[in-house]
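Everything below belongs to query.cif, which stores mmCIF, C-alpha atoms.
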data_run
#
loop_
_atom_site.group_PDB
_atom_site.id
_atom_site.type_symbol
_atom_site.label_atom_id
_atom_site.label_comp_id
_atom_site.auth_asym_id
_atom_site.auth_seq_id
_atom_site.Cartn_x
_atom_site.Cartn_y
_atom_site.Cartn_z
ATOM 1 C CA MET T 1 -12.258 34.904 -2.654
ATOM 2 C CA SER T 2 -14.986 32.666 -1.205
ATOM 3 C CA GLY T 3 -16.569 32.422 -4.661
ATOM 4 C CA LEU T 4 -13.337 31.251 -6.308
ATOM 5 C CA THR T 5 -13.647 27.829 -7.980
ATOM 6 C CA ARG T 6 -10.957 25.818 -9.693
ATOM 7 C CA ASN T 7 -12.870 23.968 -12.416
ATOM 8 C CA PRO T 8 -11.707 20.616 -13.823
ATOM 9 C CA VAL T 9 -9.622 20.690 -17.000
ATOM 10 C CA VAL T 10 -8.846 17.000 -17.635
ATOM 11 C CA SER T 11 -12.326 15.629 -16.936
ATOM 12 C CA GLY T 12 -13.205 13.497 -19.958
ATOM 13 C CA LEU T 13 -9.513 13.262 -20.876
ATOM 14 C CA PHE T 14 -7.633 11.760 -17.925
ATOM 15 C CA TYR T 15 -10.751 10.353 -16.254
ATOM 16 C CA PRO T 16 -14.467 9.991 -17.151
ATOM 17 C CA ALA T 17 -16.461 13.208 -17.246
ATOM 18 C CA GLY T 18 -19.718 11.835 -15.874
ATOM 19 C CA LYS T 19 -20.154 11.372 -12.120
ATOM 20 C CA ASP T 20 -21.552 7.840 -12.380
ATOM 21 C CA ASN T 21 -18.937 6.624 -14.860
ATOM 22 C CA LEU T 22 -16.111 8.139 -12.834
ATOM 23 C CA SER T 23 -17.330 6.646 -9.580
ATOM 24 C CA LYS T 24 -17.776 3.256 -11.224
ATOM 25 C CA MET T 25 -14.269 3.342 -12.718
ATOM 26 C CA ILE T 26 -12.647 4.262 -9.394
ATOM 27 C CA GLY T 27 -14.617 1.513 -7.652
ATOM 28 C CA THR T 28 -13.381 -1.037 -10.176
ATOM 29 C CA LEU T 29 -9.764 0.130 -9.851
ATOM 30 C CA LEU T 30 -9.949 -0.132 -6.058
ATOM 31 C CA ARG T 31 -11.417 -3.636 -6.181
ATOM 32 C CA GLU T 32 -8.712 -4.787 -8.590
ATOM 33 C CA ALA T 33 -5.858 -3.392 -6.455
ATOM 34 C CA ARG T 34 -4.577 -6.481 -4.648
ATOM 35 C CA THR T 35 -3.063 -5.127 -1.453
ATOM 36 C CA GLU T 36 -3.514 -6.266 2.124
ATOM 37 C CA VAL T 37 -4.600 -3.183 4.067
ATOM 38 C CA LYS T 38 -3.702 -2.964 7.758
ATOM 39 C CA ASP T 39 -6.065 -0.712 9.671
ATOM 40 C CA ASN T 40 -3.706 -0.167 12.620
ATOM 41 C CA ILE T 41 -1.174 1.805 10.554
ATOM 42 C CA ASP T 42 -1.247 5.586 10.998
ATOM 43 C CA ILE T 43 -0.816 6.802 7.433
ATOM 44 C CA PHE T 44 0.937 10.144 6.968
ATOM 45 C CA GLY T 45 1.286 10.328 3.200
ATOM 46 C CA LEU T 46 0.934 8.761 -0.223
ATOM 47 C CA ILE T 47 3.040 8.839 -3.356
ATOM 48 C CA SER T 48 0.667 8.536 -6.286
ATOM 49 C CA PRO T 49 0.967 8.754 -10.107
ATOM 50 C CA HIS T 50 -0.914 11.336 -12.147
ATOM 51 C CA ALA T 51 -1.397 10.056 -15.693
ATOM 52 C CA GLY T 52 -4.743 9.160 -17.238
ATOM 53 C CA TYR T 53 -6.633 6.608 -15.184
ATOM 54 C CA VAL T 54 -6.493 4.067 -18.027
ATOM 55 C CA TYR T 55 -2.703 4.004 -17.627
ATOM 56 C CA SER T 56 -1.930 4.862 -14.003
ATOM 57 C CA GLY T 57 -5.268 4.601 -12.207
ATOM 58 C CA GLY T 58 -4.688 0.966 -11.317
ATOM 59 C CA CYS T 59 -1.367 1.858 -9.690
ATOM 60 C CA ALA T 60 -2.836 4.873 -7.873
ATOM 61 C CA ALA T 61 -5.653 2.712 -6.490
ATOM 62 C CA PHE T 62 -3.175 0.730 -4.381
ATOM 63 C CA GLY T 63 -2.378 3.794 -2.275
ATOM 64 C CA PHE T 64 -5.915 5.122 -2.072
ATOM 65 C CA LYS T 65 -7.152 1.712 -0.964
ATOM 66 C CA TRP T 66 -5.019 2.119 2.179
ATOM 67 C CA VAL T 67 -6.845 5.322 3.144
ATOM 68 C CA LYS T 68 -10.320 4.083 2.207
ATOM 69 C CA ASP T 69 -12.879 4.826 4.933
ATOM 70 C CA ARG T 70 -10.332 6.753 6.987
ATOM 71 C CA GLN T 71 -10.925 10.260 8.266
ATOM 72 C CA PHE T 72 -8.739 13.293 7.550
ATOM 73 C CA ASP T 73 -9.618 16.917 8.194
ATOM 74 C CA THR T 74 -7.316 18.308 5.498
ATOM 75 C CA VAL T 75 -5.480 16.754 2.567
ATOM 76 C CA ILE T 76 -2.413 18.552 1.238
ATOM 77 C CA VAL T 77 -1.835 17.508 -2.383
ATOM 78 C CA LEU T 78 1.633 18.341 -3.682
ATOM 79 C CA GLY T 79 1.936 18.354 -7.463
ATOM 80 C CA PRO T 80 4.649 19.459 -9.900
ATOM 81 C CA SER T 81 4.081 22.314 -12.316
ATOM 82 C CA HIS T 82 4.045 21.067 -15.915
ATOM 83 C CA TYR T 83 3.138 24.384 -17.529
ATOM 84 C CA ALA T 84 3.940 27.426 -15.384
ATOM 85 C CA TYR T 85 7.300 28.702 -14.155
ATOM 86 C CA LEU T 86 7.354 29.235 -10.400
ATOM 87 C CA ASP T 87 10.335 30.358 -8.338
ATOM 88 C CA GLY T 88 8.752 28.490 -5.436
ATOM 89 C CA SER T 89 5.223 27.125 -5.378
ATOM 90 C CA SER T 90 1.603 28.176 -5.781
ATOM 91 C CA VAL T 91 -1.365 27.288 -3.594
ATOM 92 C CA TRP T 92 -5.007 27.647 -4.650
ATOM 93 C CA LYS T 93 -5.852 29.734 -1.642
ATOM 94 C CA ALA T 94 -9.641 29.888 -1.286
ATOM 95 C CA GLY T 95 -13.034 28.787 -2.564
ATOM 96 C CA MET T 96 -13.618 25.347 -4.055
ATOM 97 C CA TYR T 97 -11.810 22.702 -6.088
ATOM 98 C CA LYS T 98 -14.234 20.974 -8.446
ATOM 99 C CA THR T 99 -14.262 17.559 -10.151
ATOM 100 C CA SER T 100 -16.981 15.407 -11.692
ATOM 101 C CA LEU T 101 -17.706 14.092 -8.181
ATOM 102 C CA GLY T 102 -18.422 17.531 -6.738
ATOM 103 C CA GLU T 103 -16.637 20.358 -4.950
ATOM 104 C CA VAL T 104 -14.045 20.208 -2.174
ATOM 105 C CA PRO T 105 -13.621 23.305 0.026
ATOM 106 C CA ILE T 106 -10.163 24.828 0.368
ATOM 107 C CA ASP T 107 -8.660 24.947 3.873
ATOM 108 C CA THR T 108 -8.147 28.708 3.863
ATOM 109 C CA GLU T 109 -6.561 28.741 7.306
ATOM 110 C CA ALA T 110 -3.863 26.353 6.088
ATOM 111 C CA THR T 111 -3.336 28.065 2.735
ATOM 112 C CA GLN T 112 -3.010 31.491 4.365
ATOM 113 C CA TYR T 113 -0.489 30.068 6.824
ATOM 114 C CA LEU T 114 1.660 28.829 3.941
ATOM 115 C CA LEU T 115 1.315 32.127 2.059
ATOM 116 C CA ASP T 116 2.488 34.028 5.151
ATOM 117 C CA HIS T 117 5.338 31.691 6.059
ATOM 118 C CA LYS T 118 8.113 32.939 3.751
ATOM 119 C CA ALA T 119 8.562 29.654 1.890
ATOM 120 C CA ARG T 120 8.042 31.371 -1.482
ATOM 121 C CA VAL T 121 4.435 30.206 -1.671
ATOM 122 C CA GLU T 122 2.221 32.458 -3.783
ATOM 123 C CA PHE T 123 -1.241 32.328 -5.281
ATOM 124 C CA SER T 124 -0.809 32.137 -9.044
ATOM 125 C CA GLN T 125 -4.194 31.317 -10.499
ATOM 126 C CA ALA T 126 -2.643 30.723 -13.929
ATOM 127 C CA ALA T 127 -0.363 27.993 -12.543
ATOM 128 C CA HIS T 128 -3.395 25.917 -11.522
ATOM 129 C CA LEU T 129 -5.733 26.395 -14.460
ATOM 130 C CA GLN T 130 -4.195 23.794 -16.814
ATOM 131 C CA GLU T 131 -2.362 21.631 -14.273
ATOM 132 C CA HIS T 132 -3.455 17.978 -14.058
ATOM 133 C CA SER T 133 -1.042 16.647 -11.427
ATOM 134 C CA ILE T 134 -3.278 17.655 -8.521
ATOM 135 C CA GLU T 135 -6.648 17.309 -10.222
ATOM 136 C CA VAL T 136 -6.343 13.586 -10.956
ATOM 137 C CA GLN T 137 -5.804 12.793 -7.255
ATOM 138 C CA ILE T 138 -8.984 14.505 -6.058
ATOM 139 C CA PRO T 139 -11.687 12.110 -7.381
ATOM 140 C CA PHE T 140 -9.966 9.186 -5.641
ATOM 141 C CA LEU T 141 -9.925 11.165 -2.387
ATOM 142 C CA GLN T 142 -13.571 12.161 -2.805
ATOM 143 C CA GLN T 143 -14.573 8.544 -3.267
ATOM 144 C CA VAL T 144 -12.489 6.843 -0.574
ATOM 145 C CA LEU T 145 -12.398 9.173 2.414
ATOM 146 C CA LYS T 146 -14.974 8.592 5.112
ATOM 147 C CA ASN T 147 -15.729 12.256 5.771
ATOM 148 C CA ASP T 148 -15.969 15.590 4.037
ATOM 149 C CA PHE T 149 -12.441 16.983 3.951
ATOM 150 C CA LYS T 150 -10.757 20.252 3.103
ATOM 151 C CA LEU T 151 -8.012 20.622 0.540
ATOM 152 C CA VAL T 152 -4.667 22.381 0.168
ATOM 153 C CA PRO T 153 -3.670 22.149 -3.552
ATOM 154 C CA LEU T 154 0.002 23.086 -3.765
ATOM 155 C CA ILE T 155 1.845 23.187 -7.095
ATOM 156 C CA ILE T 156 5.633 23.065 -6.784
ATOM 157 C CA GLY T 157 7.617 24.749 -9.540
ATOM 158 C CA ASN T 158 11.047 24.751 -7.907
ATOM 159 C CA GLN T 159 12.304 21.147 -7.913
ATOM 160 C CA THR T 160 15.579 21.701 -6.057
ATOM 161 C CA LEU T 161 16.453 19.970 -2.808
ATOM 162 C CA ASP T 162 17.091 23.303 -1.106
ATOM 163 C CA TYR T 163 13.589 24.503 -1.910
ATOM 164 C CA ALA T 164 12.095 21.161 -0.853
ATOM 165 C CA ARG T 165 13.725 21.633 2.557
ATOM 166 C CA LEU T 166 12.305 25.153 2.862
ATOM 167 C CA LEU T 167 8.777 24.119 1.901
ATOM 168 C CA ALA T 168 8.853 20.954 4.015
ATOM 169 C CA SER T 169 9.833 23.031 7.045
ATOM 170 C CA SER T 170 6.871 25.333 6.463
ATOM 171 C CA ILE T 171 4.470 22.404 6.095
ATOM 172 C CA VAL T 172 5.810 20.757 9.257
ATOM 173 C CA ASP T 173 5.252 24.005 11.166
ATOM 174 C CA LEU T 174 1.680 24.078 9.870
ATOM 175 C CA LEU T 175 1.022 20.475 10.883
ATOM 176 C CA GLN T 176 2.455 21.007 14.356
ATOM 177 C CA LYS T 177 0.533 24.228 14.930
ATOM 178 C CA LYS T 178 -2.928 23.138 13.794
ATOM 179 C CA GLU T 179 -4.692 20.375 15.705
ATOM 180 C CA LYS T 180 -6.055 18.542 12.693
ATOM 181 C CA GLN T 181 -5.720 15.160 11.037
ATOM 182 C CA TYR T 182 -3.670 15.716 7.880
ATOM 183 C CA LEU T 183 -2.873 13.517 4.887
ATOM 184 C CA LEU T 184 -0.141 14.460 2.393
ATOM 185 C CA VAL T 185 -0.230 13.240 -1.199
ATOM 186 C CA ALA T 186 2.848 13.610 -3.425
ATOM 187 C CA SER T 187 1.826 13.408 -7.076
ATOM 188 C CA SER T 188 4.498 12.067 -9.426
ATOM 189 C CA ASP T 189 5.155 9.847 -12.399
ATOM 190 C CA LEU T 190 8.616 8.348 -12.910
ATOM 191 C CA SER T 191 10.679 8.014 -16.107
ATOM 192 C CA HIS T 192 9.265 9.198 -19.430
ATOM 193 C CA TYR T 193 9.459 7.706 -22.935
ATOM 194 C CA HIS T 194 12.231 5.158 -22.579
ATOM 195 C CA SER T 195 12.032 1.497 -23.461
ATOM 196 C CA ASP T 196 10.550 -0.782 -20.806
ATOM 197 C CA GLU T 197 14.031 -2.113 -20.013
ATOM 198 C CA VAL T 198 15.598 1.319 -19.533
ATOM 199 C CA ALA T 199 12.562 2.576 -17.620
ATOM 200 C CA GLN T 200 12.739 -0.279 -15.138
ATOM 201 C CA ARG T 201 16.410 0.504 -14.463
ATOM 202 C CA LEU T 202 15.866 4.246 -14.012
ATOM 203 C CA ASP T 203 12.719 3.764 -11.940
ATOM 204 C CA GLY T 204 14.424 1.124 -9.831
ATOM 205 C CA ASN T 205 17.117 3.636 -8.847
ATOM 206 C CA ILE T 206 14.516 6.211 -7.803
ATOM 207 C CA ILE T 207 12.458 3.667 -5.875
ATOM 208 C CA LYS T 208 15.511 2.456 -3.909
ATOM 209 C CA ALA T 209 16.183 6.040 -2.785
ATOM 210 C CA ILE T 210 12.555 6.527 -1.821
ATOM 211 C CA GLU T 211 12.520 3.227 0.099
ATOM 212 C CA LYS T 212 15.477 4.496 2.117
ATOM 213 C CA MET T 213 13.639 7.798 2.772
ATOM 214 C CA ASP T 214 16.702 9.473 1.273
ATOM 215 C CA PRO T 215 15.896 12.737 -0.547
ATOM 216 C CA ASP T 216 19.596 13.565 -0.952
ATOM 217 C CA THR T 217 20.260 10.435 -3.005
ATOM 218 C CA LEU T 218 17.003 10.957 -4.878
ATOM 219 C CA TYR T 219 18.058 14.444 -5.911
ATOM 220 C CA SER T 220 21.539 13.236 -6.880
ATOM 221 C CA LEU T 221 20.034 10.571 -9.155
ATOM 222 C CA LEU T 222 17.932 13.199 -10.885
ATOM 223 C CA GLU T 223 20.885 15.561 -11.300
ATOM 224 C CA ASN T 224 23.085 12.785 -12.707
ATOM 225 C CA GLY T 225 20.470 11.432 -15.125
ATOM 226 C CA LYS T 226 20.305 8.093 -13.341
ATOM 227 C CA GLY T 227 16.628 8.460 -12.515
ATOM 228 C CA GLU T 228 13.594 10.541 -13.436
ATOM 229 C CA ALA T 229 10.511 11.736 -11.571
ATOM 230 C CA CYS T 230 8.477 14.701 -12.787
ATOM 231 C CA GLY T 231 7.153 15.126 -9.234
ATOM 232 C CA ALA T 232 10.541 14.909 -7.553
ATOM 233 C CA GLY T 233 9.840 18.138 -5.651
ATOM 234 C CA PRO T 234 6.605 16.818 -4.120
ATOM 235 C CA ILE T 235 8.260 13.504 -3.238
ATOM 236 C CA MET T 236 11.231 15.209 -1.566
ATOM 237 C CA VAL T 237 8.936 17.516 0.403
ATOM 238 C CA LEU T 238 6.900 14.533 1.584
ATOM 239 C CA LEU T 239 9.997 12.551 2.609
ATOM 240 C CA LEU T 240 11.560 15.512 4.415
ATOM 241 C CA ALA T 241 8.353 16.366 6.283
ATOM 242 C CA ALA T 242 7.790 12.733 7.233
ATOM 243 C CA LYS T 243 11.313 12.361 8.619
ATOM 244 C CA LYS T 244 10.992 15.539 10.688
ATOM 245 C CA LEU T 245 7.766 14.235 12.192
ATOM 246 C CA LYS T 246 9.198 10.731 12.789
ATOM 247 C CA LYS T 247 6.841 9.199 10.214
ATOM 248 C CA ASP T 248 9.751 7.344 8.680
ATOM 249 C CA ASN T 249 8.270 4.038 7.538
ATOM 250 C CA ILE T 250 7.443 3.418 3.898
ATOM 251 C CA LYS T 251 5.767 0.640 1.974
ATOM 252 C CA ILE T 252 6.011 0.432 -1.810
ATOM 253 C CA LEU T 253 2.649 -0.931 -2.942
ATOM 254 C CA ASN T 254 2.876 -1.101 -6.724
ATOM 255 C CA VAL T 255 5.333 -0.330 -9.520
ATOM 256 C CA THR T 256 4.342 -0.435 -13.174
ATOM 257 C CA ASN T 257 4.526 1.529 -16.409
ATOM 258 C CA SER T 258 2.280 2.463 -19.295
ATOM 259 C CA GLY T 259 3.692 -0.286 -21.521
ATOM 260 C CA GLN T 260 2.487 -2.967 -19.133
ATOM 261 C CA VAL T 261 -1.019 -1.578 -19.649
ATOM 262 C CA SER T 262 -0.963 -0.686 -23.351
ATOM 263 C CA GLY T 263 1.372 -3.428 -24.566
ATOM 264 C CA ASP T 264 3.658 -0.869 -26.247
ATOM 265 C CA LYS T 265 6.960 -1.224 -24.406
ATOM 266 C CA SER T 266 9.030 0.942 -26.740
ATOM 267 C CA ARG T 267 8.220 4.304 -25.055
ATOM 268 C CA VAL T 268 6.771 4.008 -21.573
ATOM 269 C CA VAL T 269 6.012 6.197 -18.553
ATOM 270 C CA GLY T 270 6.770 4.791 -15.112
ATOM 271 C CA TYR T 271 4.414 4.795 -12.128
ATOM 272 C CA MET T 272 4.624 3.871 -8.463
ATOM 273 C CA SER T 273 2.323 3.903 -5.460
ATOM 274 C CA ALA T 274 3.494 4.013 -1.851
ATOM 275 C CA ILE T 275 2.373 4.865 1.666
ATOM 276 C CA ILE T 276 4.387 6.604 4.367
ATOM 277 C CA TYR T 277 3.443 6.021 7.980
#
Translate the structure of the given file into structure tokens.
Amino acid sequence: MSGLTRNPVVSGLFYPAGKDNLSKMIGTLLREARTEVKDNIDIFGLISPHAGYVYSGGCAAFGFKWVKDRQFDTVIVLGPSHYAYLDGSSVWKAGMYKTSLGEVPIDTEATQYLLDHKARVEFSQAAHLQEHSIEVQIPFLQQVLKNDFKLVPLIIGNQTLDYARLLASSIVDLLQKKEKQYLLVASSDLSHYHSDEVAQRLDGNIIKAIEKMDPDTLYSLLENGKGEACGAGPIMVLLLAAKKLKKDNIKILNVTNSGQVSGDKSRVVGYMSAIIY
């Protein structure tokens, strides 16, 4: 398994294919993200959008700016499955994860722990091969983090609150057992293809629940059609893990949608960026 490599699939589509162009674009997005970073905050996690950088990269940059030049041993990126059915979740368990900026080694000790921990985590190679929700987060991490880091790419197929509790418990056990500096990234967009007015209402409901660190209300909003988030599972796992570890402060950094970038406000996709500390 050491020779296993997850190759990029949205390079040249969601972000520039060339190393120099990609690095330059991320640098520009970070410079344009107007947020006052406080170095004394111990950041546990990010909520970050996963559309093409032209649309959501500016929003994502707000969160990544807060971890710029910080040091983490392992980053656990939680993304929803857009293409594959999973009863639980799938982790890319070994080898490398590749983008235009190079390769990131997988934290095999962490991935094996999750595979062994009875939280319905499997290794489904097919689930990862076309999935963009994790891939688009990696170039930002490669550019901003101070050190070489290892990666745990975890695709969540089961978006129920019950499964989020099970997986969060497993991740908390991992974090408490291994003496490492971890960062969690929950990859999610918000509402899809509503008018700007409707999107702001739906997204506002979701953001209020997230601000209160309230996964129960978040899940209820999704079930009742009063809010949308394609990465609800990752967000709930992040919130649940953070609360268990007493990392229960949150700061919403940026909220926007695709219409505010493109000018077409008839059918927009919502984005938000936040830190949990």
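Take atom CA of T:Ile76 and atom CA of T:Ile41: the distance between them is 19.2 Å.
Of the residues under consideration (T:Met96, T:Asp203, T:Ala229, T:Ile156), T:Ile156 shows the shortest atom-to-atom contact distance to T:Ala168 when counting only C-alpha atoms.
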- Note on the structure: Residue with the minimum atom-to-atom distance to T:Ser187, picked from T:Tyr15, T:Tyr271, T:Tyr53, T:Tyr113 with all atoms listed in the file counted, is T:Tyr271
- Would you mind reading off the distance between atom CA of T:Glu103 and atom CA of T:Phe123, one decimal, in Å?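 Interatomic distance here is 19.5 Å.
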- Query: Of the candidates T:Arg201, T:His194, T:Lys244, T:His128, which one gets nearest to T:Val172 if we count only C-alpha atoms?
  - Reply: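 Of all the options, T:Lys244 lies closest to T:Val172.
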- Residues at most 6 Å from T:Leu166, counting all atoms listed in the file, excluding those fewer than 3 positions away in the same chain, as a list in words? Ala119, Tyr163 and Ser169 of chain T
- Query: Neighbours of T:Ala232 within 8 Å (all atoms listed in the file; same-chain residues fewer than 6 positions away dropped), as a PyMOL selection string?
  - Reply: chain T and resi 80+159+188+219
With N, CA and C atoms as the target, complete stretch 209-221 of chain T and hand it back as a PDB file, in the coordinates of the input.
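As a result, selection_16.pdb now contains:
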ATOM      1  N   ALA T 209      15.953   4.834  -3.588  1.00  0.00           N
ATOM      2  CA  ALA T 209      16.183   6.040  -2.785  1.00  0.00           C
ATOM      3  C   ALA T 209      14.958   6.386  -1.953  1.00  0.00           C
ATOM      4  N   ILE T 210      13.790   6.241  -2.552  1.00  0.00           N
ATOM      5  CA  ILE T 210      12.555   6.527  -1.821  1.00  0.00           C
ATOM      6  C   ILE T 210      12.368   5.526  -0.684  1.00  0.00           C
ATOM      7  N   GLU T 211      12.643   4.254  -0.944  1.00  0.00           N
ATOM      8  CA  GLU T 211      12.520   3.227   0.099  1.00  0.00           C
ATOM      9  C   GLU T 211      13.409   3.526   1.298  1.00  0.00           C
ATOM     10  N   LYS T 212      14.551   4.152   1.034  1.00  0.00           N
ATOM     11  CA  LYS T 212      15.477   4.496   2.117  1.00  0.00           C
ATOM     12  C   LYS T 212      15.134   5.846   2.744  1.00  0.00           C
ATOM     13  N   MET T 213      14.046   6.474   2.293  1.00  0.00           N
ATOM     14  CA  MET T 213      13.639   7.798   2.772  1.00  0.00           C
ATOM     15  C   MET T 213      14.814   8.772   2.633  1.00  0.00           C
ATOM     16  N   ASP T 214      15.446   8.759   1.487  1.00  0.00           N
ATOM     17  CA  ASP T 214      16.702   9.473   1.273  1.00  0.00           C
ATOM     18  C   ASP T 214      16.558  10.513   0.162  1.00  0.00           C
ATOM     19  N   PRO T 215      16.079  11.719   0.491  1.00  0.00           N
ATOM     20  CA  PRO T 215      15.896  12.737  -0.547  1.00  0.00           C
ATOM     21  C   PRO T 215      17.202  13.218  -1.154  1.00  0.00           C
ATOM     22  N   ASP T 216      18.304  13.137  -0.410  1.00  0.00           N
ATOM     23  CA  ASP T 216      19.596  13.565  -0.952  1.00  0.00           C
ATOM     24  C   ASP T 216      20.020  12.679  -2.119  1.00  0.00           C
ATOM     25  N   THR T 217      19.924  11.364  -1.919  1.00  0.00           N
ATOM     26  CA  THR T 217      20.260  10.435  -3.005  1.00  0.00           C
ATOM     27  C   THR T 217      19.277  10.577  -4.160  1.00  0.00           C
ATOM     28  N   LEU T 218      18.019  10.758  -3.849  1.00  0.00           N
ATOM     29  CA  LEU T 218      17.003  10.957  -4.878  1.00  0.00           C
ATOM     30  C   LEU T 218      17.363  12.146  -5.765  1.00  0.00           C
ATOM     31  N   TYR T 219      17.715  13.244  -5.136  1.00  0.00           N
ATOM     32  CA  TYR T 219      18.058  14.444  -5.911  1.00  0.00           C
ATOM     33  C   TYR T 219      19.329  14.231  -6.729  1.00  0.00           C
ATOM     34  N   SER T 220      20.299  13.529  -6.163  1.00  0.00           N
ATOM     35  CA  SER T 220      21.539  13.236  -6.880  1.00  0.00           C
ATOM     36  C   SER T 220      21.271  12.388  -8.118  1.00  0.00           C
ATOM     37  N   LEU T 221      20.395  11.401  -8.005  1.00  0.00           N
ATOM     38  CA  LEU T 221      20.034  10.571  -9.155  1.00  0.00           C
ATOM     39  C   LEU T 221      19.423  11.408 -10.268  1.00  0.00           C
TER      40      LEU T 221
END
